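S.K.: I am sharing target_36.tsv, which consists of TSV, C-alpha atoms:
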```tsv
chain	number	residue	atom	x	y	z
A	437	MET	CA	-54.91	16.97	-9.92
A	438	LYS	CA	-51.81	16.62	-7.81
A	439	PHE	CA	-52.45	12.90	-7.65
A	440	MET	CA	-52.77	12.71	-11.42
A	441	LEU	CA	-49.54	14.55	-11.91
A	442	THR	CA	-47.63	12.16	-9.66
A	443	ALA	CA	-49.23	9.24	-11.42
A	444	LEU	CA	-48.19	10.72	-14.75
A	445	LEU	CA	-44.65	11.31	-13.58
A	446	ALA	CA	-44.45	7.79	-12.26
A	447	ASN	CA	-45.55	6.61	-15.67
A	448	VAL	CA	-42.89	8.61	-17.41
A	449	LEU	CA	-40.26	7.20	-15.08
A	450	VAL	CA	-41.38	3.67	-15.78
A	451	MET	CA	-41.32	4.35	-19.48
A	452	THR	CA	-37.80	5.73	-19.49
A	453	ALA	CA	-36.54	2.94	-17.25
A	454	ALA	CA	-37.88	0.28	-19.59
A	455	PRO	CA	-39.03	1.39	-23.01
A	456	ALA	CA	-42.65	0.47	-23.51
A	457	GLN	CA	-43.12	-2.68	-25.52
A	458	GLU	CA	-44.11	-2.06	-29.08
A	459	ALA	CA	-47.59	-3.43	-29.37
A	460	LEU	CA	-47.52	-6.46	-31.63
A	461	GLN	CA	-50.22	-6.92	-34.24
A	462	ARG	CA	-52.80	-9.46	-33.16
A	463	TYR	CA	-53.07	-12.52	-35.30
A	464	GLU	CA	-55.19	-15.62	-35.47
A	465	VAL	CA	-53.74	-19.11	-35.70
A	466	VAL	CA	-55.81	-21.59	-37.67
A	467	GLY	CA	-54.43	-25.11	-37.53
A	468	ASP	CA	-50.70	-24.79	-38.19
A	469	ALA	CA	-50.99	-21.48	-40.02
A	470	ILE	CA	-51.65	-17.76	-39.68
A	471	PRO	CA	-53.83	-17.27	-42.77
A	472	SER	CA	-54.02	-13.46	-42.77
A	473	SER	CA	-51.29	-10.91	-43.32
A	474	LEU	CA	-50.07	-9.29	-40.08
A	475	THR	CA	-50.21	-5.88	-41.74
A	476	GLY	CA	-53.39	-6.43	-43.72
A	477	VAL	CA	-51.48	-6.07	-46.99
A	478	PRO	CA	-49.30	-8.51	-48.93
A	479	GLY	CA	-45.53	-8.34	-48.48
A	480	ASP	CA	-42.96	-7.52	-51.12
A	481	ALA	CA	-40.90	-10.54	-52.21
A	482	GLU	CA	-37.91	-8.53	-53.40
A	483	ARG	CA	-37.56	-6.72	-50.09
A	484	GLY	CA	-38.16	-10.07	-48.41
A	485	ARG	CA	-35.17	-11.61	-50.14
A	486	ALA	CA	-32.93	-8.88	-48.77
A	487	ILE	CA	-34.38	-9.41	-45.30
A	488	VAL	CA	-33.72	-13.16	-45.35
A	489	LEU	CA	-30.15	-12.64	-46.60
A	490	LYS	CA	-29.24	-9.83	-44.22
A	491	ARG	CA	-26.84	-11.07	-41.53
A	492	GLU	CA	-28.44	-9.28	-38.60
A	493	ASN	CA	-31.72	-11.01	-39.29
A	494	THR	CA	-29.98	-14.30	-38.43
A	495	CYS	CA	-31.72	-16.65	-40.91
A	496	LEU	CA	-28.47	-17.69	-42.57
A	497	LEU	CA	-26.87	-18.48	-39.24
A	498	CYS	CA	-28.83	-21.71	-39.33
A	499	HIS	CA	-30.25	-22.06	-42.85
A	500	SER	CA	-28.79	-22.48	-46.29
A	501	GLY	CA	-30.79	-21.70	-49.37
A	502	PRO	CA	-30.68	-21.04	-53.09
A	503	PHE	CA	-28.24	-18.15	-52.66
A	504	PRO	CA	-25.09	-19.17	-54.59
A	505	ASP	CA	-23.39	-15.85	-53.87
A	506	GLU	CA	-23.70	-16.09	-50.10
A	507	ARG	CA	-20.51	-17.56	-48.73
A	508	PHE	CA	-21.53	-18.04	-45.12
A	509	GLN	CA	-24.61	-20.15	-44.62
A	510	GLY	CA	-25.66	-22.46	-41.83
A	511	ASP	CA	-26.61	-26.10	-41.86
A	512	LEU	CA	-28.41	-26.50	-38.53
A	513	SER	CA	-31.80	-26.67	-40.20
A	514	PRO	CA	-33.69	-27.43	-43.44
A	515	ASN	CA	-32.45	-25.83	-46.65
A	516	LEU	CA	-34.83	-23.04	-47.61
A	517	ALA	CA	-34.94	-24.17	-51.23
A	518	GLY	CA	-38.43	-25.44	-51.93
A	519	ALA	CA	-39.91	-24.00	-48.72
A	520	GLY	CA	-42.62	-22.31	-50.79
A	521	ALA	CA	-43.61	-25.65	-52.29
A	522	ARG	CA	-43.67	-27.47	-48.96
A	523	TRP	CA	-45.69	-24.86	-47.08
A	524	SER	CA	-48.53	-22.47	-47.77
A	525	GLU	CA	-48.18	-18.76	-47.17
A	526	GLY	CA	-50.06	-19.05	-43.86
A	527	GLN	CA	-47.92	-21.95	-42.70
A	528	LEU	CA	-44.75	-20.03	-43.51
A	529	ARG	CA	-46.10	-17.02	-41.59
A	530	LEU	CA	-46.63	-19.03	-38.39
A	531	ARG	CA	-43.20	-20.65	-38.78
A	532	LEU	CA	-41.60	-17.20	-38.80
A	533	VAL	CA	-43.84	-15.61	-36.20
A	534	ASP	CA	-43.53	-18.34	-33.59
A	535	ALA	CA	-42.13	-21.71	-34.66
A	536	SER	CA	-42.14	-22.87	-31.05
A	537	ARG	CA	-45.93	-23.20	-31.23
A	538	LEU	CA	-45.45	-26.08	-33.63
A	539	ASN	CA	-42.40	-27.58	-31.95
A	540	PRO	CA	-41.66	-26.42	-28.40
A	541	ALA	CA	-38.16	-27.93	-28.65
A	542	THR	CA	-37.24	-26.07	-31.84
A	543	ILE	CA	-34.11	-23.95	-31.98
A	544	MET	CA	-35.69	-21.65	-34.56
A	545	PRO	CA	-36.23	-18.31	-32.81
A	546	SER	CA	-39.69	-16.76	-32.74
A	547	TYR	CA	-39.33	-13.70	-34.96
A	548	TYR	CA	-42.49	-11.96	-33.87
A	549	ARG	CA	-42.79	-12.58	-30.15
A	550	VAL	CA	-41.62	-10.69	-27.08
A	551	ASP	CA	-43.04	-12.71	-24.20
A	552	GLY	CA	-41.68	-15.83	-22.53
A	553	LEU	CA	-38.04	-14.84	-23.14
A	554	THR	CA	-35.32	-14.79	-20.49
A	555	ARG	CA	-32.53	-12.24	-19.97
A	556	VAL	CA	-32.92	-10.51	-23.33
A	557	GLY	CA	-30.12	-7.95	-23.80
A	558	ALA	CA	-31.15	-4.33	-23.27
A	559	THR	CA	-30.72	-3.48	-26.95
A	560	TRP	CA	-33.29	-6.03	-28.00
A	561	ARG	CA	-35.63	-6.13	-25.03
A	562	GLY	CA	-39.32	-5.66	-25.71
A	563	LYS	CA	-38.88	-5.76	-29.49
A	564	PRO	CA	-39.64	-8.60	-31.86
A	565	ILE	CA	-36.67	-9.69	-34.01
A	566	LEU	CA	-38.54	-8.64	-37.14
A	567	THR	CA	-41.36	-6.13	-37.58
A	568	ALA	CA	-44.75	-7.15	-38.96
A	569	GLU	CA	-43.77	-5.59	-42.31
A	570	GLN	CA	-40.51	-7.52	-42.41
A	571	ILE	CA	-42.33	-10.77	-41.61
A	572	GLU	CA	-44.75	-10.16	-44.47
A	573	ASP	CA	-41.94	-9.36	-46.90
A	574	ALA	CA	-40.00	-12.47	-45.85
A	575	VAL	CA	-43.12	-14.63	-46.19
A	576	ALA	CA	-43.77	-13.20	-49.66
A	577	TYR	CA	-40.21	-14.13	-50.63
A	578	LEU	CA	-40.32	-17.63	-49.13
A	579	THR	CA	-43.49	-18.46	-51.09
A	580	THR	CA	-41.47	-17.88	-54.28
A	581	LEU	CA	-38.93	-20.58	-53.33
A	582	ARG	CA	-40.76	-23.34	-55.15
A	583	GLN	CA	-37.90	-25.67	-56.01
B	354	MET	CA	-11.34	-14.02	-40.78
B	355	THR	CA	-14.36	-13.25	-38.67
B	356	SER	CA	-16.64	-15.69	-36.95
B	357	GLY	CA	-20.32	-16.37	-37.49
B	358	TRP	CA	-21.11	-14.52	-34.32
B	359	ALA	CA	-18.98	-11.54	-35.19
B	360	ARG	CA	-20.94	-11.03	-38.34
B	361	LEU	CA	-24.06	-10.28	-36.44
B	362	ARG	CA	-22.79	-9.02	-33.15
B	363	ARG	CA	-24.42	-5.95	-31.72
B	364	LEU	CA	-22.92	-4.63	-28.54
B	365	ALA	CA	-25.38	-4.54	-25.69
B	366	PRO	CA	-24.80	-2.06	-22.86
B	367	ALA	CA	-24.54	-3.73	-19.49
B	368	ALA	CA	-27.82	-3.27	-17.66
B	369	ALA	CA	-29.82	-4.68	-14.83
B	370	VAL	CA	-30.53	-8.34	-15.17
B	371	LEU	CA	-34.05	-9.57	-15.06
B	372	ALA	CA	-34.37	-13.24	-14.52
B	373	ALA	CA	-37.75	-14.07	-15.93
B	374	MET	CA	-39.14	-17.53	-16.41
B	375	ALA	CA	-36.27	-19.92	-16.68
B	376	ILE	CA	-37.01	-22.45	-19.33
B	377	VAL	CA	-34.48	-25.20	-18.93
B	378	THR	CA	-33.91	-27.44	-21.89
B	379	ALA	CA	-31.87	-30.53	-21.27
B	380	SER	CA	-29.43	-31.32	-24.02
B	381	ALA	CA	-27.69	-34.67	-24.04
B	382	GLU	CA	-24.17	-34.38	-22.68
B	383	ILE	CA	-21.47	-35.40	-25.15
B	384	PRO	CA	-20.18	-38.94	-24.51
B	385	LEU	CA	-16.67	-38.72	-23.06
B	386	ASN	CA	-15.04	-40.52	-25.98
B	387	GLU	CA	-16.65	-38.17	-28.53
B	388	ARG	CA	-15.26	-35.01	-27.03
B	389	ARG	CA	-12.89	-32.95	-29.14
B	390	SER	CA	-11.15	-29.70	-28.49
B	391	GLY	CA	-11.79	-26.66	-30.68
B	392	TYR	CA	-8.22	-27.33	-31.81
B	393	ALA	CA	-9.43	-30.32	-33.84
B	394	ASP	CA	-11.53	-28.03	-36.07
B	395	LEU	CA	-8.77	-25.52	-36.79
B	396	GLY	CA	-7.37	-25.09	-40.27
B	397	ARG	CA	-3.85	-26.34	-40.92
B	398	GLU	CA	-2.28	-22.89	-40.59
B	399	THR	CA	-3.98	-22.04	-37.32
B	400	LYS	CA	-2.99	-25.40	-35.90
B	401	ALA	CA	0.60	-24.77	-36.91
B	402	MET	CA	0.45	-21.38	-35.21
B	403	GLN	CA	-0.70	-22.93	-31.93
B	404	ASP	CA	1.86	-25.73	-32.15
B	405	ASP	CA	4.90	-23.52	-32.71
B	406	ASP	CA	5.85	-21.37	-29.72
B	407	THR	CA	7.81	-19.02	-31.93
B	408	ALA	CA	4.70	-18.37	-34.08
B	409	ASN	CA	2.03	-18.47	-31.36
B	410	PRO	CA	1.11	-14.86	-30.50
B	411	GLY	CA	-0.17	-16.06	-27.12
B	412	MET	CA	3.45	-16.72	-26.12
B	413	LEU	CA	4.04	-12.95	-25.92
B	414	ALA	CA	1.55	-12.79	-23.05
B	415	VAL	CA	3.28	-15.78	-21.45
B	416	LEU	CA	6.63	-13.97	-21.64
B	417	ASP	CA	5.12	-10.86	-20.06
B	418	GLY	CA	3.69	-13.08	-17.37
B	419	GLU	CA	7.07	-14.63	-16.68
B	420	THR	CA	8.51	-11.16	-16.04
B	421	LEU	CA	5.61	-10.25	-13.77
B	422	TRP	CA	6.03	-13.51	-11.87
B	423	SER	CA	9.28	-12.32	-10.38
B	424	ALA	CA	8.48	-8.61	-10.17
B	425	LYS	CA	7.85	-7.28	-6.67
B	426	ALA	CA	4.41	-5.74	-6.33
B	427	GLY	CA	2.20	-4.08	-3.74
B	428	SER	CA	3.05	-2.60	-0.38
B	429	ALA	CA	4.30	-6.00	0.81
B	430	GLY	CA	7.02	-5.70	-1.82
B	431	ARG	CA	6.81	-9.38	-2.67
B	432	SER	CA	6.73	-11.15	-6.02
B	433	CYS	CA	4.81	-14.29	-6.90
B	434	ALA	CA	8.16	-16.06	-7.05
B	435	ASP	CA	8.99	-15.01	-3.47
B	436	CYS	CA	6.18	-17.25	-2.25
B	437	HIS	CA	5.90	-19.85	-5.03
B	438	GLY	CA	9.45	-20.18	-6.33
B	439	ASP	CA	9.93	-21.71	-9.74
B	440	ALA	CA	6.54	-21.72	-11.48
B	441	ARG	CA	7.52	-24.70	-13.61
B	442	ALA	CA	7.36	-26.80	-10.47
B	443	SER	CA	4.90	-24.97	-8.22
B	444	MET	CA	2.30	-24.07	-10.87
B	445	LYS	CA	2.35	-27.36	-12.75
B	446	GLY	CA	-1.24	-28.58	-13.14
B	447	VAL	CA	-2.71	-25.69	-11.15
B	448	SER	CA	-4.81	-24.07	-13.90
B	449	ALA	CA	-6.04	-27.54	-14.83
B	450	ARG	CA	-7.87	-27.81	-11.50
B	451	TYR	CA	-9.49	-24.39	-11.32
B	452	PRO	CA	-12.15	-23.13	-10.48
B	453	ALA	CA	-11.45	-24.42	-6.97
B	454	PHE	CA	-13.40	-23.89	-3.77
B	455	ASP	CA	-12.39	-20.87	-1.73
B	456	ALA	CA	-13.31	-21.46	1.90
B	457	ALA	CA	-13.14	-17.77	2.83
B	458	SER	CA	-15.85	-16.71	0.37
B	459	GLY	CA	-17.64	-20.05	0.37
B	460	ARG	CA	-17.58	-20.10	-3.43
B	461	PRO	CA	-15.46	-21.38	-6.27
B	462	VAL	CA	-12.84	-18.97	-7.60
B	463	ASN	CA	-11.31	-19.18	-11.05
B	464	ILE	CA	-7.60	-18.78	-11.74
B	465	GLU	CA	-7.89	-15.02	-12.31
B	466	GLN	CA	-9.66	-14.59	-8.98
B	467	ARG	CA	-7.04	-16.79	-7.29
B	468	ILE	CA	-4.29	-14.57	-8.69
B	469	ASN	CA	-6.11	-11.51	-7.36
B	470	LEU	CA	-6.52	-13.10	-3.91
B	471	CYS	CA	-2.73	-13.48	-3.78
B	472	ARG	CA	-2.27	-9.91	-4.92
B	473	GLU	CA	-4.61	-8.48	-2.34
B	474	GLU	CA	-3.74	-10.70	0.60
B	475	ARG	CA	-0.09	-11.59	0.12
B	476	GLN	CA	1.25	-8.69	-1.93
B	477	GLN	CA	-1.10	-6.01	-0.67
B	478	ALA	CA	-1.50	-4.89	-4.25
B	479	LYS	CA	-4.54	-3.73	-6.19
B	480	PRO	CA	-6.46	-6.51	-7.94
B	481	LEU	CA	-5.90	-6.72	-11.69
B	482	ALA	CA	-8.89	-6.08	-13.94
B	483	TYR	CA	-10.23	-8.83	-16.17
B	484	GLU	CA	-8.75	-8.64	-19.66
B	485	SER	CA	-6.05	-6.26	-18.47
B	486	ARG	CA	-2.67	-6.93	-20.00
B	487	ASP	CA	-1.16	-7.99	-16.68
B	488	MET	CA	-3.98	-10.35	-15.74
B	489	LEU	CA	-3.90	-12.03	-19.13
B	490	ALA	CA	-0.12	-12.26	-18.91
B	491	LEU	CA	-0.06	-13.84	-15.45
B	492	SER	CA	-2.92	-16.24	-16.14
B	493	ALA	CA	-1.32	-17.24	-19.46
B	494	PHE	CA	2.03	-17.85	-17.75
B	495	VAL	CA	0.43	-19.88	-14.96
B	496	GLY	CA	-1.73	-21.68	-17.55
B	497	LEU	CA	1.30	-22.65	-19.62
B	498	GLN	CA	2.58	-24.68	-16.67
B	499	SER	CA	-0.42	-26.98	-17.18
B	500	ARG	CA	-0.03	-27.39	-20.94
B	501	GLY	CA	-0.50	-31.05	-21.80
B	502	GLN	CA	-1.86	-31.86	-18.34
B	503	PRO	CA	-5.35	-33.36	-18.14
B	504	ILE	CA	-8.08	-31.07	-16.84
B	505	ALA	CA	-8.65	-32.28	-13.29
B	506	PRO	CA	-11.51	-30.59	-11.43
B	507	PRO	CA	-11.06	-31.10	-7.68
B	508	ASP	CA	-13.04	-33.94	-6.18
B	509	ASP	CA	-14.67	-31.55	-3.72
B	510	ALA	CA	-18.33	-31.93	-2.75
B	511	ARG	CA	-18.53	-28.21	-1.94
B	512	LEU	CA	-18.15	-27.45	-5.66
B	513	GLU	CA	-21.14	-29.54	-6.68
B	514	PRO	CA	-23.94	-27.00	-6.19
B	515	PHE	CA	-21.96	-24.46	-8.22
B	516	ARG	CA	-21.25	-26.94	-10.98
B	517	ASP	CA	-24.96	-27.79	-11.07
B	518	ALA	CA	-25.85	-24.10	-11.25
B	519	GLY	CA	-23.42	-23.78	-14.17
B	520	ARG	CA	-25.01	-26.73	-15.91
B	521	GLU	CA	-28.41	-25.13	-15.47
B	522	THR	CA	-27.26	-21.84	-16.94
B	523	TYR	CA	-25.71	-23.77	-19.81
B	524	ASN	CA	-28.99	-25.50	-20.56
B	525	ARG	CA	-31.27	-22.49	-20.07
B	526	ARG	CA	-32.69	-20.74	-23.09
B	527	GLN	CA	-31.89	-17.06	-22.98
B	528	GLY	CA	-31.71	-13.92	-25.03
B	529	GLN	CA	-33.82	-12.71	-27.91
B	530	LEU	CA	-32.83	-15.74	-29.99
B	531	ASN	CA	-34.04	-17.97	-27.14
B	532	LEU	CA	-31.18	-20.44	-27.42
B	533	ALA	CA	-29.26	-22.37	-24.77
B	534	CYS	CA	-25.52	-23.00	-24.92
B	535	GLY	CA	-26.25	-26.71	-25.26
B	536	HIS	CA	-28.40	-26.17	-28.36
B	537	CYS	CA	-25.27	-25.23	-30.25
B	538	HIS	CA	-22.42	-26.89	-28.37
B	539	ASP	CA	-24.06	-30.25	-27.62
B	540	ASP	CA	-26.96	-30.75	-30.05
B	541	ASN	CA	-25.37	-29.07	-33.08
B	542	ARG	CA	-21.67	-29.49	-32.40
B	543	GLY	CA	-19.72	-29.93	-35.61
B	544	GLN	CA	-22.51	-28.36	-37.68
B	545	ARG	CA	-22.02	-25.02	-39.37
B	546	LEU	CA	-23.35	-21.78	-37.94
B	547	ALA	CA	-23.15	-19.23	-40.78
B	548	GLY	CA	-20.34	-21.32	-42.23
B	549	ILE	CA	-18.39	-21.70	-38.97
B	550	VAL	CA	-17.97	-25.16	-37.44
B	551	ILE	CA	-19.56	-25.07	-33.99
B	552	PRO	CA	-16.99	-26.30	-31.47
B	553	GLN	CA	-17.93	-28.31	-28.39
B	554	ALA	CA	-17.14	-25.37	-26.08
B	555	HIS	CA	-14.25	-26.95	-24.20
B	556	PRO	CA	-12.29	-24.47	-22.10
B	557	THR	CA	-8.98	-26.22	-22.77
B	558	GLY	CA	-7.03	-23.33	-24.23
B	559	TYR	CA	-7.63	-20.22	-22.12
B	560	PRO	CA	-6.43	-17.60	-21.97
B	561	LEU	CA	-5.93	-17.89	-25.71
B	562	TYR	CA	-5.09	-15.81	-28.75
B	563	ARG	CA	-8.03	-15.21	-31.04
B	564	LEU	CA	-7.37	-14.04	-34.57
B	565	GLU	CA	-10.69	-12.20	-34.58
B	566	TRP	CA	-9.78	-10.31	-31.41
B	567	GLN	CA	-6.18	-9.86	-32.50
B	568	SER	CA	-5.37	-10.32	-28.85
B	569	VAL	CA	-5.32	-12.74	-25.98
B	570	GLY	CA	-8.58	-13.11	-24.08
B	571	SER	CA	-9.99	-15.02	-21.14
B	572	LEU	CA	-12.65	-17.70	-21.09
B	573	GLN	CA	-15.12	-15.16	-19.71
B	574	ARG	CA	-14.51	-12.93	-22.73
B	575	ARG	CA	-15.44	-15.91	-24.91
B	576	LEU	CA	-18.61	-16.57	-22.88
B	577	ARG	CA	-19.56	-12.91	-23.14
B	578	ASN	CA	-19.23	-13.14	-26.94
B	579	CYS	CA	-21.58	-16.10	-27.10
B	580	LEU	CA	-24.13	-14.38	-24.84
B	581	ILE	CA	-24.07	-11.29	-27.06
B	582	GLY	CA	-24.51	-13.55	-30.08
B	583	MET	CA	-27.61	-14.98	-28.39
B	584	ARG	CA	-28.73	-11.37	-27.78
B	585	ALA	CA	-28.76	-12.08	-24.08
B	586	GLU	CA	-27.75	-9.78	-21.25
B	587	HIS	CA	-24.15	-10.66	-20.50
B	588	TYR	CA	-22.76	-10.72	-16.97
B	589	ALA	CA	-20.14	-8.47	-15.45
B	590	TYR	CA	-16.67	-10.02	-15.58
B	591	GLY	CA	-16.13	-12.13	-12.47
B	592	ALA	CA	-19.88	-12.59	-11.89
B	593	PRO	CA	-20.84	-15.77	-10.04
B	594	GLU	CA	-22.72	-17.01	-13.10
B	595	TYR	CA	-19.55	-16.99	-15.19
B	596	VAL	CA	-17.55	-18.80	-12.52
B	597	GLU	CA	-20.33	-21.39	-12.25
B	598	LEU	CA	-20.30	-21.85	-16.02
B	599	GLU	CA	-16.52	-22.23	-15.90
B	600	THR	CA	-16.86	-24.82	-13.13
B	601	TYR	CA	-19.28	-26.81	-15.27
B	602	LEU	CA	-17.27	-26.42	-18.50
B	603	MET	CA	-14.06	-27.62	-16.82
B	604	TRP	CA	-15.88	-30.63	-15.39
B	605	ARG	CA	-17.41	-31.33	-18.81
B	606	ALA	CA	-13.86	-31.28	-20.24
B	607	ARG	CA	-12.32	-33.35	-17.44
B	608	GLY	CA	-9.38	-35.41	-18.63
B	609	MET	CA	-8.86	-33.36	-21.81
B	610	PRO	CA	-5.37	-31.87	-22.13
B	611	MET	CA	-4.78	-28.18	-21.43
B	612	GLU	CA	-3.54	-26.17	-24.42
B	613	THR	CA	-2.87	-22.73	-22.93
B	614	PRO	CA	-2.11	-20.53	-24.75
B	615	ALA	CA	-4.25	-21.89	-27.59
B	616	VAL	CA	-5.05	-20.13	-30.87
B	617	ARG	CA	-8.58	-19.87	-32.25
B	618	PRO	CA	-10.03	-18.13	-35.31
```
Before anything else, please render the file you have as structure tokens.

M.R.:
Amino acid sequence: MKFMLTALLANVLVMTAAPAQEALQRYEVVGDAIPSSLTGVPGDAERGRAIVLKRENTCLLCHSGPFPDERFQGDLSPNLAGAGARWSEGQLRLRLVDASRLNPATIMPSYYRVDGLTRVGATWRGKPILTAEQIEDAVAYLTTLRQ
Amino acid sequence: MTSGWARLRRLAPAAAVLAAMAIVTASAEIPLNERRSGYADLGRETKAMQDDDTANPGMLAVLDGETLWSAKAGSAGRSCADCHGDARASMKGVSARYPAFDAASGRPVNIEQRINLCREERQQAKPLAYESRDMLALSAFVGLQSRGQPIAPPDDARLEPFRDAGRETYNRRQGQLNLACGHCHDDNRGQRLAGIVIPQAHPTGYPLYRLEWQSVGSLQRRLRNCLIGMRAEHYAYGAPEYVELETYLMWRARGMPMETPAVRP
């Protein structure tokens, strides 16, 4: 009993020192795609648009897209216009979840990955950039970008 | 006007550093004849501000620094001028060759650390904090004496391991966005990050006046901003990693003219 209590306390200490990593949803990669939704349900394209446009989510640092009202867009990477015609839903999902699987040299961050990173700031440590729900919403939106 | 980074900056509290797997990505270094200062990308008005001493807000720090230069300080009751005389002669080209090797600590020291060594050892005064008004003023005043001089890192073999360490840090992916400095400043220089032209990261103008900061800031403040943008743990001011990065950045900019005090958006 005493032993268990110390073990428990030790656990609590560890957890407060470094917040436990949120468990990521498991997913299966088939070819260059993740065919199934991370949440088991389809995302919402309208919410997804807001997610892609929101500054903190960083997409527009590098990408431009069919967003005429957005003044500050990046040009380090392909324009998002037509992404939904070039790629299937599953392909888009893997590109958001972990683009480095397809191109280890890519500068596109992995939006749903917490391992293999170095010196992540305390605010962001142990968390994916986007949640599974946000990934699904963004994917749903990107599939609508057909031209 | 705010920068691309500022639009998504989230302040990270300083915390213990964990150096996990270091994934080093080698970016191609910029050919010497393709290098350009951040000055080249400034708008016409910002350029004019840097070019005109009566309009350049950085000159206020320089003037403060000039006063401090001849003010007695510390229990030794000595001023910088008591030892170094007229800065226009004695400090000419000095900032252009820092960081320099400090035999006592066995490491490179940057110009701020050099100023603090003089304060502690020669003036018996308290060291000045990074980004304090007095430190920015003195380093801006000393830096002005190198304006127009080519950056000239010392030809000193003892600096090499530190420069190499700086190059490694520069090329190491880090932070939640998993980017290396070189991804932006070498591979994507001149491209637009959220609408902002990515400069080549030359340290030619520091300390400099940044419109976004509405104040003068050091090179390390700039590096801290980029690390926060990458969502990486930043270092404490004066940390060896920063001085190593500075040693590499100055070498990378060798031969480029100093602009202190520059103006940036």

S.K.: Taking only C-alpha atoms into account, which residues of chain A are within 9 Å of chain B, as a ChimeraX atom specification?

M.R.: /A:491-500,507-512,541,543-547,550,552-561,563-565

S.K.: May I ask for the distance between atom CA of B:Tyr601 and atom CA of B:Tyr392, given in Å to one decimal place?

M.R.: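 Separation of atom CA of B:Tyr601 and atom CA of B:Tyr392: 19.9 Å.
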
S.K.: Mind giving me the straight-line distance from atom CA of B:Gly496 to atom CA of B:Gly430 in Å, one decimal?

M.R.: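 Separation of atom CA of B:Gly496 and atom CA of B:Gly430: 24.1 Å.
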
S.K.: Which one is closest to B:Gly446: B:Ala518, B:Leu497, B:Ala434, B:Leu481? Count only C-alpha atoms.

M.R.: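 Once distances to B:Gly446 are computed over only C-alpha atoms, the minimum belongs to B:Leu497.
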
S.K.: If we count only C-alpha atoms and set the cut-off at 8 Å, which residues sit around A:Asp480, ignoring sequence neighbours fewer than 2 positions away in its own chain? Please answer as a list in words.

M.R.: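 Result of the neighbour search: Pro478, Glu482, Arg483, Gly484, Glu572, Asp573, Ala574, Ala576 and Tyr577 of chain A.
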
S.K.: Find the residues around A:Leu581 up to 6 Å (only C-alpha atoms counted), leave out those fewer than 3 positions away in its own chain, and share them as a PyMOL selection string.

M.R.: chain A and resi 517-520+578

S.K.: Distance atom CA of B:Ala606-atom CA of B:Asp517, one decimal place?

M.R.: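 Rounded to one decimal, the two atoms are 14.8 Å apart.
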
S.K.: What's around stretch 470-480 of chain B at 12 Å? Count all atoms listed in the file, leave out sequence neighbours fewer than 3 positions away in its own chain, and write the answer as a CSV table (one decimal) with C-alpha atoms, keeping the file's coordinate frame.

M.R.:
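File part_14.csv, as written:
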```
chain,number,residue,atom,x,y,z
B,421,LEU,CA,5.6,-10.2,-13.8
B,422,TRP,CA,6.0,-13.5,-11.9
B,424,ALA,CA,8.5,-8.6,-10.2
B,425,LYS,CA,7.8,-7.3,-6.7
B,426,ALA,CA,4.4,-5.7,-6.3
B,427,GLY,CA,2.2,-4.1,-3.7
B,428,SER,CA,3.0,-2.6,-0.4
B,429,ALA,CA,4.3,-6.0,0.8
B,430,GLY,CA,7.0,-5.7,-1.8
B,431,ARG,CA,6.8,-9.4,-2.7
B,432,SER,CA,6.7,-11.2,-6.0
B,433,CYS,CA,4.8,-14.3,-6.9
B,434,ALA,CA,8.2,-16.1,-7.0
B,435,ASP,CA,9.0,-15.0,-3.5
B,436,CYS,CA,6.2,-17.2,-2.2
B,437,HIS,CA,5.9,-19.8,-5.0
B,455,ASP,CA,-12.4,-20.9,-1.7
B,457,ALA,CA,-13.1,-17.8,2.8
B,458,SER,CA,-15.8,-16.7,0.4
B,462,VAL,CA,-12.8,-19.0,-7.6
B,463,ASN,CA,-11.3,-19.2,-11.0
B,464,ILE,CA,-7.6,-18.8,-11.7
B,465,GLU,CA,-7.9,-15.0,-12.3
B,466,GLN,CA,-9.7,-14.6,-9.0
B,467,ARG,CA,-7.0,-16.8,-7.3
B,483,TYR,CA,-10.2,-8.8,-16.2
B,485,SER,CA,-6.0,-6.3,-18.5
B,487,ASP,CA,-1.2,-8.0,-16.7
B,488,MET,CA,-4.0,-10.4,-15.7
B,491,LEU,CA,-0.1,-13.8,-15.4
```

S.K.: Residues within 12 Å of B:Glu513, please, as number ranges by chain. Count all atoms listed in the file; anything in the same chain fewer than 4 positions from it doesn't count.

M.R.: B: 452-454, 460-461, 506-509, 517-520, 597, 600-601, 604

S.K.: Quick one: residues within 12 Å of (-46.3, -24.5, -41.2) (file frame), counting all atoms listed in the file, please, as a ChimeraX atom specification.

M.R.: /A:465-471,519-539,575,579

S.K.: How would stretch 459-463 of chain B look with N, CA and C atoms restored, written as an mmCIF file, in the coordinates of the input?

M.R.:
```cif
data_model
loop_
_atom_site.group_PDB
_atom_site.id
_atom_site.type_symbol
_atom_site.label_atom_id
_atom_site.label_comp_id
_atom_site.auth_asym_id
_atom_site.auth_seq_id
_atom_site.Cartn_x
_atom_site.Cartn_y
_atom_site.Cartn_z
ATOM 1 N N GLY B 459 -16.623 -19.016 0.481
ATOM 2 C CA GLY B 459 -17.640 -20.050 0.370
ATOM 3 C C GLY B 459 -18.100 -20.305 -1.050
ATOM 4 N N ARG B 460 -17.215 -19.961 -2.020
ATOM 5 C CA ARG B 460 -17.580 -20.100 -3.430
ATOM 6 C C ARG B 460 -16.375 -20.594 -4.223
ATOM 7 N N PRO B 461 -16.615 -21.096 -5.419
ATOM 8 C CA PRO B 461 -15.460 -21.380 -6.270
ATOM 9 C C PRO B 461 -14.833 -20.081 -6.775
ATOM 10 N N VAL B 462 -13.528 -20.096 -6.944
ATOM 11 C CA VAL B 462 -12.840 -18.970 -7.600
ATOM 12 C C VAL B 462 -12.103 -19.518 -8.808
ATOM 13 N N ASN B 463 -12.057 -18.754 -9.872
ATOM 14 C CA ASN B 463 -11.310 -19.180 -11.050
ATOM 15 C C ASN B 463 -9.849 -18.726 -10.906
#
```
